[in-house]
$ cat entry_33.txt   # compact mmCIF, C-alpha atoms
# COMPACT_ATOMS: atom_id res chain seq x y z
CA MET A 868 -64.66 -30.76 -22.06
CA THR A 869 -61.73 -31.23 -19.68
CA THR A 870 -61.47 -34.61 -17.96
CA ARG A 871 -60.52 -34.60 -14.28
CA ALA A 872 -57.44 -36.59 -13.28
CA ASP A 873 -58.28 -37.10 -9.61
CA GLY A 874 -56.07 -39.83 -8.17
CA ARG A 875 -54.26 -40.58 -11.43
CA LYS A 876 -50.53 -41.00 -10.84
CA ILE A 877 -48.49 -39.34 -13.59
CA LEU A 878 -44.71 -39.28 -13.94
CA VAL A 879 -43.22 -36.51 -16.08
CA VAL A 880 -39.71 -37.19 -17.38
CA GLY A 881 -37.93 -33.92 -18.09
CA VAL A 882 -39.40 -30.64 -16.91
CA GLY A 883 -38.41 -28.06 -19.51
CA GLY A 884 -40.97 -25.91 -21.29
CA LEU A 885 -43.32 -28.72 -22.27
CA GLY A 886 -42.75 -30.83 -19.16
CA ARG A 887 -43.38 -27.88 -16.86
CA ALA A 888 -46.68 -27.13 -18.60
CA VAL A 889 -47.72 -30.79 -18.29
CA VAL A 890 -46.90 -30.78 -14.56
CA GLU A 891 -49.04 -27.68 -14.00
CA GLU A 892 -51.95 -28.97 -16.08
CA ALA A 893 -51.93 -32.36 -14.37
CA LEU A 894 -51.74 -30.84 -10.89
CA ASP A 895 -54.59 -28.46 -11.70
CA ARG A 896 -56.73 -31.43 -12.72
CA GLY A 897 -56.07 -33.23 -9.44
CA ALA A 898 -53.46 -35.76 -10.54
CA GLU A 899 -50.71 -37.04 -8.29
CA VAL A 900 -47.61 -35.88 -10.14
CA SER A 901 -44.01 -37.00 -9.79
CA VAL A 902 -41.02 -36.07 -11.92
CA LEU A 903 -37.70 -37.46 -13.10
CA VAL A 904 -35.09 -34.76 -13.72
CA ARG A 905 -31.33 -34.37 -13.97
CA ASP A 906 -31.09 -31.01 -12.18
CA PRO A 907 -33.14 -30.57 -8.99
CA ASP A 908 -32.05 -26.92 -8.64
CA LYS A 909 -33.42 -26.09 -12.09
CA LEU A 910 -36.63 -27.92 -11.21
CA ALA A 911 -37.05 -25.85 -8.04
CA ARG A 912 -36.80 -22.64 -10.09
CA SER A 913 -39.65 -23.65 -12.40
CA VAL A 914 -42.06 -25.80 -10.35
CA ASP A 915 -43.40 -25.66 -6.80
CA VAL A 916 -41.86 -28.93 -5.66
CA ARG A 917 -44.07 -28.96 -2.56
CA ARG A 918 -46.96 -29.92 -4.85
CA LEU A 919 -45.14 -32.96 -6.25
CA ALA A 920 -45.62 -36.49 -4.98
CA ALA A 921 -41.98 -37.41 -5.63
CA VAL A 922 -38.82 -36.18 -7.33
CA THR A 923 -36.33 -38.67 -8.76
CA VAL A 924 -32.97 -37.26 -9.80
CA GLY A 925 -31.03 -39.11 -12.45
CA ASP A 926 -30.60 -40.15 -16.07
CA GLY A 927 -33.72 -40.91 -18.07
CA THR A 928 -31.85 -43.59 -20.03
CA ASP A 929 -30.70 -45.55 -16.96
CA PRO A 930 -32.88 -48.62 -16.31
CA ALA A 931 -32.41 -48.61 -12.52
CA THR A 932 -33.24 -44.91 -12.27
CA LEU A 933 -36.31 -45.40 -14.45
CA ASP A 934 -37.50 -48.35 -12.38
CA ARG A 935 -37.37 -46.20 -9.24
CA ALA A 936 -39.17 -43.32 -10.93
CA VAL A 937 -42.00 -45.32 -12.52
CA ALA A 938 -42.78 -47.53 -9.52
CA GLY A 939 -46.48 -47.23 -8.75
CA VAL A 940 -47.36 -44.71 -11.47
CA ASP A 941 -50.21 -45.07 -13.96
CA VAL A 942 -48.89 -43.02 -16.88
CA VAL A 943 -45.45 -41.82 -17.96
CA VAL A 944 -45.16 -38.60 -19.96
CA SER A 945 -41.89 -37.58 -21.58
CA GLY A 946 -41.09 -33.89 -21.88
CA ASN A 947 -37.97 -34.55 -23.96
CA GLY A 948 -37.22 -34.19 -27.64
CA ALA A 949 -35.99 -36.79 -30.14
CA HIS A 950 -33.84 -39.24 -28.16
CA LYS A 951 -34.15 -42.79 -29.47
CA ARG A 952 -32.28 -44.46 -26.61
CA MET A 953 -34.40 -42.66 -24.02
CA ALA A 954 -37.60 -43.58 -25.85
CA ARG A 955 -36.57 -47.24 -25.89
CA GLU A 956 -35.47 -47.36 -22.25
CA ILE A 957 -38.55 -45.54 -20.96
CA ALA A 958 -40.78 -47.88 -22.97
CA ARG A 959 -38.95 -50.89 -21.51
CA ALA A 960 -39.36 -49.52 -17.99
CA VAL A 961 -43.07 -48.95 -18.64
CA LYS A 962 -43.41 -52.58 -19.76
CA ARG A 963 -41.32 -54.03 -16.89
CA ASN A 964 -43.26 -52.16 -14.25
CA GLY A 965 -46.80 -52.61 -15.57
CA VAL A 966 -47.40 -48.91 -16.26
CA GLN A 967 -50.64 -48.36 -18.16
CA LYS A 968 -49.41 -45.95 -20.81
CA LEU A 969 -46.50 -43.94 -22.23
CA ILE A 970 -47.00 -40.56 -23.87
CA TRP A 971 -44.08 -39.48 -26.03
CA PRO A 972 -43.66 -36.17 -27.93
CA ALA A 973 -42.65 -36.45 -31.58
CA GLY A 974 -42.72 -33.87 -34.35
CA GLY A 975 -45.71 -32.70 -36.33
CA THR A 976 -43.76 -33.93 -39.36
CA ASN A 977 -44.56 -37.50 -38.26
CA ALA A 978 -48.32 -37.25 -38.52
CA PHE A 979 -49.96 -37.70 -41.91
CA ALA A 980 -51.41 -35.12 -44.25
CA ASP A 981 -55.18 -35.11 -44.70
CA ASP A 982 -54.91 -37.81 -47.37
CA GLY A 983 -53.76 -40.25 -44.67
CA VAL A 984 -50.83 -41.35 -46.83
CA THR A 985 -48.34 -38.49 -47.14
CA PRO A 986 -46.07 -37.91 -44.11
CA ALA A 987 -46.49 -34.29 -43.06
CA TYR A 988 -42.78 -33.54 -43.48
CA LYS A 989 -43.26 -33.67 -47.25
CA LEU A 990 -45.68 -30.74 -47.01
CA HIS A 991 -42.96 -28.56 -45.49
CA GLU A 992 -39.76 -29.61 -47.26
CA GLY A 993 -39.90 -26.75 -49.74
CA ARG A 994 -39.78 -23.98 -47.15
CA PHE A 995 -38.19 -25.97 -44.34
CA PRO A 996 -35.24 -28.04 -45.64
CA GLY A 997 -34.68 -29.77 -42.28
CA ALA A 998 -38.17 -31.30 -42.18
CA ARG A 999 -37.07 -34.75 -43.36
CA ASP A 1000 -34.24 -34.96 -40.83
CA ILE A 1001 -36.62 -34.03 -38.00
CA TYR A 1002 -39.08 -36.62 -39.26
CA LEU A 1003 -36.42 -39.34 -39.26
CA ALA A 1004 -35.15 -38.44 -35.78
CA HIS A 1005 -38.63 -38.58 -34.27
CA GLN A 1006 -39.64 -41.65 -36.27
CA GLY A 1007 -36.74 -43.54 -34.71
CA CYS A 1008 -38.26 -42.84 -31.27
CA ILE A 1009 -41.74 -43.86 -32.40
CA ASP A 1010 -40.42 -47.10 -33.91
CA ALA A 1011 -38.48 -47.90 -30.72
CA ILE A 1012 -41.60 -47.49 -28.58
CA ARG A 1013 -43.72 -49.58 -30.92
CA GLN A 1014 -41.10 -52.34 -31.00
CA VAL A 1015 -41.22 -52.61 -27.19
CA GLY A 1016 -44.97 -53.11 -27.46
CA VAL A 1017 -46.43 -50.83 -24.79
CA ASN A 1018 -49.67 -48.88 -24.80
CA HIS A 1019 -48.79 -45.41 -26.00
CA VAL A 1020 -49.92 -42.09 -27.37
CA ILE A 1021 -47.54 -40.18 -29.64
CA TRP A 1022 -47.93 -36.43 -29.25
CA ALA A 1023 -47.06 -35.02 -32.68
CA PRO A 1024 -47.35 -31.23 -32.75
CA GLY A 1025 -45.39 -28.65 -34.68
CA ARG A 1026 -43.34 -25.90 -33.09
CA MET A 1027 -44.16 -25.22 -29.42
CA THR A 1028 -43.63 -22.03 -27.44
CA ALA A 1029 -45.03 -20.63 -24.21
CA ARG A 1030 -48.09 -18.43 -24.55
CA GLY A 1031 -48.99 -17.90 -20.91
CA ALA A 1032 -52.46 -19.43 -20.95
CA ARG A 1033 -54.50 -22.09 -22.69
CA SER A 1034 -56.40 -20.89 -25.75
CA ARG A 1035 -60.00 -21.55 -26.72
CA ASP A 1036 -59.39 -22.45 -30.36
CA ILE A 1037 -57.21 -25.53 -30.11
CA GLU A 1038 -57.79 -28.01 -32.94
CA VAL A 1039 -57.01 -31.67 -32.29
CA LYS A 1040 -56.52 -34.26 -35.04
CA VAL A 1041 -55.81 -37.98 -34.70
CA ASP A 1042 -53.18 -39.45 -37.08
CA ARG A 1043 -53.28 -36.22 -39.09
CA SER A 1044 -51.32 -32.99 -38.97
CA ALA A 1045 -53.34 -30.16 -37.46
CA GLY A 1046 -50.78 -27.45 -38.19
CA MET A 1047 -47.32 -26.30 -37.28
CA TYR A 1048 -47.86 -24.26 -34.13
CA VAL A 1049 -49.22 -25.03 -30.68
CA SER A 1050 -48.48 -23.44 -27.33
CA TYR A 1051 -47.00 -25.41 -24.42
CA GLU A 1052 -50.20 -24.74 -22.50
CA ASP A 1053 -52.41 -26.21 -25.23
CA ALA A 1054 -49.99 -29.09 -25.70
CA ALA A 1055 -50.21 -29.86 -21.99
CA TRP A 1056 -54.02 -29.96 -22.17
CA VAL A 1057 -53.89 -32.54 -24.97
CA ILE A 1058 -51.22 -34.61 -23.23
CA VAL A 1059 -53.03 -34.76 -19.90
CA GLU A 1060 -56.30 -35.53 -21.67
CA ALA A 1061 -54.49 -38.44 -23.33
CA ALA A 1062 -53.13 -39.50 -19.94
CA VAL A 1063 -56.50 -39.72 -18.24
CA THR A 1064 -58.62 -41.14 -21.08
CA ASP A 1065 -58.16 -43.95 -23.60
CA ALA A 1066 -59.53 -42.01 -26.57
CA TRP A 1067 -56.19 -41.71 -28.40
CA ASP A 1068 -54.37 -44.85 -27.27
CA GLY A 1069 -52.17 -46.25 -30.02
CA HIS A 1070 -52.40 -43.13 -32.15
CA LEU A 1071 -50.46 -40.04 -33.13
CA VAL A 1072 -52.26 -36.93 -31.90
CA SER A 1073 -51.63 -33.50 -33.36
CA ALA A 1074 -53.01 -30.12 -32.42
CA ALA A 1075 -52.64 -26.52 -33.50
CA THR A 1076 -53.64 -23.13 -32.17
CA GLN A 1077 -55.00 -21.04 -35.00
CA THR A 1078 -54.27 -17.72 -33.27
CA GLY A 1079 -50.75 -18.74 -32.23
CA GLY A 1080 -47.49 -18.40 -34.06

$ encode --input "entry_33.txt" --output "structure tokens"
Amino acid sequence: MTTRADGRKILVVGVGGLGRAVVEEALDRGAEVSVLVRDPDKLARSVDVRRLAAVTVGDGTDPATLDRAVAGVDVVVSGNGAHKRMAREIARAVKRNGVQKLIWPAGGTNAFADDGVTPAYKLHEGRFPGARDIYLAHQGCIDAIRQVGVNHVIWAPGRMTARGARSRDIEVKVDRSAGMYVSYEDAAWVIVEAAVTDAWDGHLVSAATQTGG
């Protein structure tokens, strides 16, 4: 079931592959969407800016820029990768401005295996030597957000690529690794669902598309 987002005000920080998919999903559900980007020309090539409530141009680590961008929004969604300073500054802006929730993307390595004890990166170290480094980079962002003390959902998928459409076989797990592939379109569905419900607040959410890859 897809939850409507009518009237919900969502700010997307960074509109690359994931951010663009989140913008489209949120708009399709009836949300009021604004964005914070560095390059407005790049934004105009990927998103119909006429559909956006607002566009803030600037640095996602700058407190003044963030305060302008988050003013009046309900939920902030980051479309960026592992960037500890950005995670900390966005979380601080969320707290200062009374935003309801922050959704931050981390790696699928940061969820747990099915035993609920083993970090998922340990399942992949043998065939993917960089798994621990990715885990540590993303964990720094997660720790920074938790230290600020804001309501949050950590989106923890594996590798993401565009597929062109949402699939029907998406598997969602809470605090567990669902797998190491999900499309941007399926990721956006999970993120916007997290933005407009409280079902996953305070958790790491993972998802995988069984037919993807």

$ closest_residue --input "entry_33.txt" --among "A:Ala888, A:Gly975, A:Asp926, A:Ala949" --to "Arg1033 (chain A)" --atoms "all atoms listed in the file"
A:Ala888

$ residues_around --input "entry_33.txt" --residues "region 1056-1058 of chain A" --least-positions-apart "4" --cutoff "9 Å" --atoms "all atoms listed in the file" --output "MDAnalysis selection string"
chainID A and resid 869 888:889 892:893 944 970 1020 1022 1033 1039 1051:1052 1062:1063 1072:1074

$ write_last_selection --input "entry_33.txt" --atoms "C-alpha atoms" --output "mmCIF file, in the coordinates of the input"
data_model
loop_
_atom_site.group_PDB
_atom_site.id
_atom_site.type_symbol
_atom_site.label_atom_id
_atom_site.label_comp_id
_atom_site.auth_asym_id
_atom_site.auth_seq_id
_atom_site.Cartn_x
_atom_site.Cartn_y
_atom_site.Cartn_z
ATOM 1 C CA THR A 869 -61.730 -31.230 -19.680
ATOM 2 C CA ALA A 888 -46.680 -27.130 -18.600
ATOM 3 C CA VAL A 889 -47.720 -30.790 -18.290
ATOM 4 C CA GLU A 892 -51.950 -28.970 -16.080
ATOM 5 C CA ALA A 893 -51.930 -32.360 -14.370
ATOM 6 C CA VAL A 944 -45.160 -38.600 -19.960
ATOM 7 C CA ILE A 970 -47.000 -40.560 -23.870
ATOM 8 C CA VAL A 1020 -49.920 -42.090 -27.370
ATOM 9 C CA TRP A 1022 -47.930 -36.430 -29.250
ATOM 10 C CA ARG A 1033 -54.500 -22.090 -22.690
ATOM 11 C CA VAL A 1039 -57.010 -31.670 -32.290
ATOM 12 C CA TYR A 1051 -47.000 -25.410 -24.420
ATOM 13 C CA GLU A 1052 -50.200 -24.740 -22.500
ATOM 14 C CA ALA A 1062 -53.130 -39.500 -19.940
ATOM 15 C CA VAL A 1063 -56.500 -39.720 -18.240
ATOM 16 C CA VAL A 1072 -52.260 -36.930 -31.900
ATOM 17 C CA SER A 1073 -51.630 -33.500 -33.360
ATOM 18 C CA ALA A 1074 -53.010 -30.120 -32.420
#

$ closest_residue --input "entry_33.txt" --among "A:Arg955, A:Lys989, A:Arg905, A:Lys962" --to "Asn1018 (chain A)" --atoms "only C-alpha atoms"
A:Lys962

$ residues_around --input "entry_33.txt" --residues "Ser901 (chain A)" --least-positions-apart "4" --cutoff "6 Å" --atoms "all atoms listed in the file" --output "list of chain:residue names"
A:Leu878, A:Leu919, A:Ala920, A:Ala921, A:Val922

$ write_last_selection --input "entry_33.txt" --atoms "C-alpha atoms" --output "CSV table (one decimal), in the frame of the given file"
chain,number,residue,atom,x,y,z
A,878,LEU,CA,-44.7,-39.3,-13.9
A,919,LEU,CA,-45.1,-33.0,-6.2
A,920,ALA,CA,-45.6,-36.5,-5.0
A,921,ALA,CA,-42.0,-37.4,-5.6
A,922,VAL,CA,-38.8,-36.2,-7.3

$ closest_residue --input "entry_33.txt" --among "A:Glu992, A:Asp1068, A:Asp981, A:Asp1000" --to "Arg1043 (chain A)" --atoms "all atoms listed in the file"
A:Asp981

$ atom_distance --input "entry_33.txt" --atom1 "CA of Ile877 (chain A)" --atom2 "CA of Val890 (chain A)"
8.8 Å

$ residues_around --input "entry_33.txt" --residues "Arg999 (chain A)" --least-positions-apart "6" --cutoff "12 Å" --atoms "only C-alpha atoms" --output "ChimeraX atom specification"
/A:974-977,986-993,1005-1006

$ residues_around --input "entry_33.txt" --residues "Asp929 (chain A)" --least-positions-apart "6" --cutoff "12 Å" --atoms "only C-alpha atoms" --output "ChimeraX atom specification"
/A:903,905,935-936,952-960

$ atom_distance --input "entry_33.txt" --atom1 "CA of Val1059 (chain A)" --atom2 "CA of Ala998 (chain A)"
27.0 Å

$ atom_distance --input "entry_33.txt" --atom1 "CA of Ala1075 (chain A)" --atom2 "CA of Arg912 (chain A)"
28.5 Å

$ residues_around --input "entry_33.txt" --residues "His1070 (chain A)" --least-positions-apart "4" --cutoff "8 Å" --atoms "all atoms listed in the file" --output "short mmCIF file (atom, residue, chain, number, x, y, z; two decimals) with C-alpha atoms, keeping the file's coordinate frame"
data_model
loop_
_atom_site.label_atom_id
_atom_site.label_comp_id
_atom_site.auth_asym_id
_atom_site.auth_seq_id
_atom_site.Cartn_x
_atom_site.Cartn_y
_atom_site.Cartn_z
CA HIS A 1019 -48.79 -45.41 -26.00
CA VAL A 1020 -49.92 -42.09 -27.37
CA ILE A 1021 -47.54 -40.18 -29.64
CA VAL A 1041 -55.81 -37.98 -34.70
CA ASP A 1042 -53.18 -39.45 -37.08
#

$ closest_residue --input "entry_33.txt" --among "A:Gly997, A:Thr1076, A:Gln1014, A:Ala872" --to "Glu1038 (chain A)" --atoms "all atoms listed in the file"
A:Thr1076

$ closest_residue --input "entry_33.txt" --among "A:Ala1029, A:Phe979, A:Thr985, A:Gly1007" --to "Tyr1048 (chain A)" --atoms "only C-alpha atoms"
A:Ala1029

$ build_atoms --input "entry_33.txt" --residues "region 925-936 of chain A" --atoms "N, CA and C atoms" --output "PDB file, keeping the file's coordinate frame"
ATOM      1  N   GLY A 925     -31.875 -38.148 -11.759  1.00  0.00           N
ATOM      2  CA  GLY A 925     -31.030 -39.110 -12.450  1.00  0.00           C
ATOM      3  C   GLY A 925     -31.209 -39.052 -13.958  1.00  0.00           C
ATOM      4  N   ASP A 926     -30.666 -40.054 -14.621  1.00  0.00           N
ATOM      5  CA  ASP A 926     -30.600 -40.150 -16.070  1.00  0.00           C
ATOM      6  C   ASP A 926     -31.806 -40.918 -16.598  1.00  0.00           C
ATOM      7  N   GLY A 927     -32.530 -40.291 -17.510  1.00  0.00           N
ATOM      8  CA  GLY A 927     -33.720 -40.910 -18.070  1.00  0.00           C
ATOM      9  C   GLY A 927     -33.445 -42.059 -19.023  1.00  0.00           C
ATOM     10  N   THR A 928     -32.165 -42.410 -19.228  1.00  0.00           N
ATOM     11  CA  THR A 928     -31.850 -43.590 -20.030  1.00  0.00           C
ATOM     12  C   THR A 928     -31.346 -44.744 -19.165  1.00  0.00           C
ATOM     13  N   ASP A 929     -31.227 -44.535 -17.864  1.00  0.00           N
ATOM     14  CA  ASP A 929     -30.700 -45.550 -16.960  1.00  0.00           C
ATOM     15  C   ASP A 929     -31.825 -46.443 -16.438  1.00  0.00           C
ATOM     16  N   PRO A 930     -31.777 -47.745 -16.709  1.00  0.00           N
ATOM     17  CA  PRO A 930     -32.880 -48.620 -16.310  1.00  0.00           C
ATOM     18  C   PRO A 930     -33.187 -48.605 -14.809  1.00  0.00           C
ATOM     19  N   ALA A 931     -32.162 -48.596 -13.965  1.00  0.00           N
ATOM     20  CA  ALA A 931     -32.410 -48.610 -12.520  1.00  0.00           C
ATOM     21  C   ALA A 931     -33.086 -47.329 -12.061  1.00  0.00           C
ATOM     22  N   THR A 932     -32.622 -46.197 -12.603  1.00  0.00           N
ATOM     23  CA  THR A 932     -33.240 -44.910 -12.270  1.00  0.00           C
ATOM     24  C   THR A 932     -34.689 -44.894 -12.727  1.00  0.00           C
ATOM     25  N   LEU A 933     -34.945 -45.374 -13.924  1.00  0.00           N
ATOM     26  CA  LEU A 933     -36.310 -45.400 -14.450  1.00  0.00           C
ATOM     27  C   LEU A 933     -37.209 -46.305 -13.622  1.00  0.00           C
ATOM     28  N   ASP A 934     -36.695 -47.447 -13.203  1.00  0.00           N
ATOM     29  CA  ASP A 934     -37.500 -48.350 -12.380  1.00  0.00           C
ATOM     30  C   ASP A 934     -37.925 -47.687 -11.073  1.00  0.00           C
ATOM     31  N   ARG A 935     -37.010 -46.921 -10.460  1.00  0.00           N
ATOM     32  CA  ARG A 935     -37.370 -46.200  -9.240  1.00  0.00           C
ATOM     33  C   ARG A 935     -38.431 -45.143  -9.518  1.00  0.00           C
ATOM     34  N   ALA A 936     -38.271 -44.439 -10.626  1.00  0.00           N
ATOM     35  CA  ALA A 936     -39.170 -43.320 -10.930  1.00  0.00           C
ATOM     36  C   ALA A 936     -40.575 -43.783 -11.292  1.00  0.00           C
TER      37      ALA A 936
END
